[in-house]
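K.L.:
So I've got this file, data32.pdb, and it contains PDB, C-alpha atoms, pLDDT in the B column:
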```
ATOM      1  CA  MET C 222      33.082 -45.629  -8.271  1.00 54.00           C
ATOM      2  CA  LYS C 223      29.454 -46.124  -7.215  1.00 65.00           C
ATOM      3  CA  SER C 224      30.486 -48.356  -4.351  1.00 66.00           C
ATOM      4  CA  LEU C 225      32.541 -45.636  -2.614  1.00 67.00           C
ATOM      5  CA  ARG C 226      30.764 -44.117   0.355  1.00 73.00           C
ATOM      6  CA  ASP C 227      30.847 -40.473   1.320  1.00 74.00           C
ATOM      7  CA  HIS C 228      31.751 -40.377   5.009  1.00 76.00           C
ATOM      8  CA  HIS C 229      31.344 -36.584   5.263  1.00 79.00           C
ATOM      9  CA  THR C 230      27.685 -36.337   4.264  1.00 81.00           C
ATOM     10  CA  ALA C 231      26.355 -35.760   7.769  1.00 80.00           C
ATOM     11  CA  HIS C 232      28.975 -33.089   8.481  1.00 84.00           C
ATOM     12  CA  ARG C 233      28.276 -31.374   5.146  1.00 84.00           C
ATOM     13  CA  ILE C 234      24.500 -31.308   5.833  1.00 81.00           C
ATOM     14  CA  VAL C 235      25.043 -29.841   9.308  1.00 82.00           C
ATOM     15  CA  GLU C 236      27.335 -27.117   7.947  1.00 86.00           C
ATOM     16  CA  LEU C 237      24.896 -26.207   5.147  1.00 84.00           C
ATOM     17  CA  ARG C 238      21.990 -26.002   7.585  1.00 80.00           C
ATOM     18  CA  LYS C 239      24.111 -23.838   9.908  1.00 84.00           C
ATOM     19  CA  MET C 240      24.997 -21.477   7.015  1.00 85.00           C
ATOM     20  CA  GLN C 241      21.307 -21.149   6.059  1.00 81.00           C
ATOM     21  CA  ASP C 242      20.165 -20.573   9.665  1.00 78.00           C
ATOM     22  CA  LEU C 243      17.944 -23.661   9.584  1.00 74.00           C
ATOM     23  CA  PRO C 244      17.380 -25.990  12.546  1.00 69.00           C
ATOM     24  CA  PHE C 245      19.726 -28.952  12.674  1.00 68.00           C
ATOM     25  CA  SER C 246      16.934 -31.482  12.919  1.00 70.00           C
ATOM     26  CA  ILE C 247      13.535 -31.228  11.285  1.00 67.00           C
ATOM     27  CA  PRO C 248      10.636 -31.897  13.676  1.00 66.00           C
ATOM     28  CA  PRO C 249       8.473 -34.837  12.599  1.00 67.00           C
ATOM     29  CA  GLY C 250       5.597 -33.798  10.362  1.00 64.00           C
ATOM     30  CA  TYR C 251       7.196 -30.519   9.235  1.00 65.00           C
ATOM     31  CA  THR C 252       8.889 -29.615   5.998  1.00 63.00           C
ATOM     32  CA  VAL C 253      11.416 -26.818   6.202  1.00 56.00           C
ATOM     33  CA  TYR C 254      11.945 -24.699   3.130  1.00 62.00           C
ATOM     34  CA  ARG C 255      13.042 -21.166   2.534  1.00 63.00           C
ATOM     35  CA  GLN C 256      11.084 -18.578   0.597  1.00 64.00           C
ATOM     36  CA  SER C 257      12.939 -16.153  -1.580  1.00 67.00           C
ATOM     37  CA  ASP C 258      12.652 -12.433  -0.919  1.00 69.00           C
ATOM     38  CA  PHE C 259      10.652 -12.089  -4.138  1.00 67.00           C
ATOM     39  CA  GLU C 260       8.050 -14.579  -2.924  1.00 70.00           C
ATOM     40  CA  LYS C 261       7.716 -12.610   0.313  1.00 73.00           C
ATOM     41  CA  SER C 262       7.263  -9.271  -1.451  1.00 81.00           C
ATOM     42  CA  LYS C 263       3.918  -7.489  -1.720  1.00 85.00           C
ATOM     43  CA  LEU C 264       4.353  -7.142  -5.487  1.00 86.00           C
ATOM     44  CA  PHE C 265       4.495 -10.923  -5.905  1.00 84.00           C
ATOM     45  CA  ARG C 266       1.376 -11.336  -3.774  1.00 87.00           C
ATOM     46  CA  TYR C 267      -0.546  -8.640  -5.669  1.00 91.00           C
ATOM     47  CA  VAL C 268       0.417 -10.086  -9.070  1.00 91.00           C
ATOM     48  CA  PHE C 269      -0.498 -13.590  -7.936  1.00 90.00           C
ATOM     49  CA  ILE C 270      -3.881 -12.500  -6.545  1.00 93.00           C
ATOM     50  CA  PHE C 271      -4.610 -10.412  -9.654  1.00 96.00           C
ATOM     51  CA  GLY C 272      -3.860 -13.378 -11.916  1.00 95.00           C
ATOM     52  CA  PHE C 273      -6.050 -15.626  -9.797  1.00 95.00           C
ATOM     53  CA  VAL C 274      -8.978 -13.166  -9.967  1.00 95.00           C
ATOM     54  CA  VAL C 275      -8.586 -12.738 -13.746  1.00 94.00           C
ATOM     55  CA  GLY C 276      -8.510 -16.518 -14.149  1.00 92.00           C
ATOM     56  CA  LEU C 277     -11.700 -16.907 -12.138  1.00 92.00           C
ATOM     57  CA  ALA C 278     -13.386 -14.112 -14.108  1.00 90.00           C
ATOM     58  CA  THR C 279     -12.569 -15.768 -17.436  1.00 88.00           C
ATOM     59  CA  LEU C 280     -13.905 -19.094 -16.199  1.00 88.00           C
ATOM     60  CA  PHE C 281     -17.276 -17.715 -15.137  1.00 86.00           C
ATOM     61  CA  GLU C 282     -17.713 -15.083 -17.869  1.00 81.00           C
ATOM     62  CA  PRO C 283     -20.373 -15.914 -20.477  1.00 72.00           C
ATOM     63  CA  ASP C 284     -19.118 -16.759 -23.947  1.00 66.00           C
ATOM     64  CA  PRO C 285     -19.222 -13.523 -26.027  1.00 64.00           C
ATOM     65  CA  THR C 286     -18.906 -15.287 -29.401  1.00 69.00           C
ATOM     66  CA  ASN C 287     -22.373 -16.866 -29.245  1.00 63.00           C
ATOM     67  CA  PRO C 288     -25.099 -14.191 -29.072  1.00 61.00           C
ATOM     68  CA  PRO C 289     -28.272 -15.225 -27.301  1.00 60.00           C
ATOM     69  CA  VAL C 290     -30.831 -16.716 -29.665  1.00 60.00           C
ATOM     70  CA  SER C 291     -34.085 -14.751 -29.514  1.00 64.00           C
ATOM     71  CA  ALA C 292     -36.133 -16.869 -31.919  1.00 58.00           C
ATOM     72  CA  PRO C 293     -35.549 -19.998 -33.986  1.00 63.00           C
ATOM     73  CA  ALA C 294     -34.663 -19.517 -37.659  1.00 62.00           C
ATOM     74  CA  ALA C 295     -38.056 -20.855 -38.841  1.00 65.00           C
ATOM     75  CA  GLU C 296     -39.930 -18.101 -36.963  1.00 68.00           C
ATOM     76  CA  GLN C 297     -37.761 -15.234 -38.230  1.00 66.00           C
ATOM     77  CA  SER C 298     -38.962 -13.182 -41.186  1.00 74.00           C
ATOM     78  CA  ALA C 299     -37.131 -13.313 -44.486  1.00 74.00           C
ATOM     79  CA  PRO C 300     -34.629 -10.516 -45.091  1.00 76.00           C
ATOM     80  CA  ALA C 301     -35.720  -7.692 -47.387  1.00 79.00           C
ATOM     81  CA  PRO C 302     -34.472  -8.044 -50.976  1.00 81.00           C
ATOM     82  CA  ILE C 303     -31.567  -5.859 -52.011  1.00 81.00           C
ATOM     83  CA  HIS C 304     -32.111  -3.751 -55.170  1.00 81.00           C
ATOM     84  CA  ALA C 305     -29.085  -2.447 -56.993  1.00 76.00           C
ATOM     85  CA  THR C 306     -29.248   1.129 -58.188  1.00 76.00           C
ATOM     86  CA  LEU C 307     -27.064   2.772 -60.793  1.00 68.00           C
TER      87      LEU C 307
END
```
Starting from the coordinates I provided, produce the structure as structure tokens.
P.N.:
Amino acid sequence: MKSLRDHHTAHRIVELRKMQDLPFSIPPGYTVYRQSDFEKSKLFRYVFIFGFVVGLATLFEPDPTNPPVSAPAAEQSAPAPIHATL
């Protein structure tokens, strides 16, 4: 069945492009695609921009798990001894 040709391909493509209100021939160098209504909405844009800003902030934020070292361990004084009381 692979050797059978579809002789209606060109007609089918023209009809689909007509139904989608797309031009019949694509100009050279251009790619035609349709955006969904959701992608055009302001909510999608705001969520996308917010996620991008949060991603940039996490990349450039200093690491909170490692506190800055003020002095090397050899220069720090010994901790005071703990005395148990009853």
K.L.:
Please compute the CA of Ser246 (chain C)-CA of Ala231 (chain C) distance, one decimal, in Å.
P.N.:
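Those two atoms sit 11.6 Å apart.
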K.L.:
Could you tell me how far CA of Glu282 (chain C) lies from CA of Leu264 (chain C), in Å and to one decimal?
P.N.:
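Value for the CA of Glu282 (chain C)-CA of Leu264 (chain C) distance: 26.5 Å.
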K.L.:
One decimal, in Å: what's the spacing between CA of Gln241 (chain C) and CA of Phe269 (chain C)?
P.N.:
27.0 Å
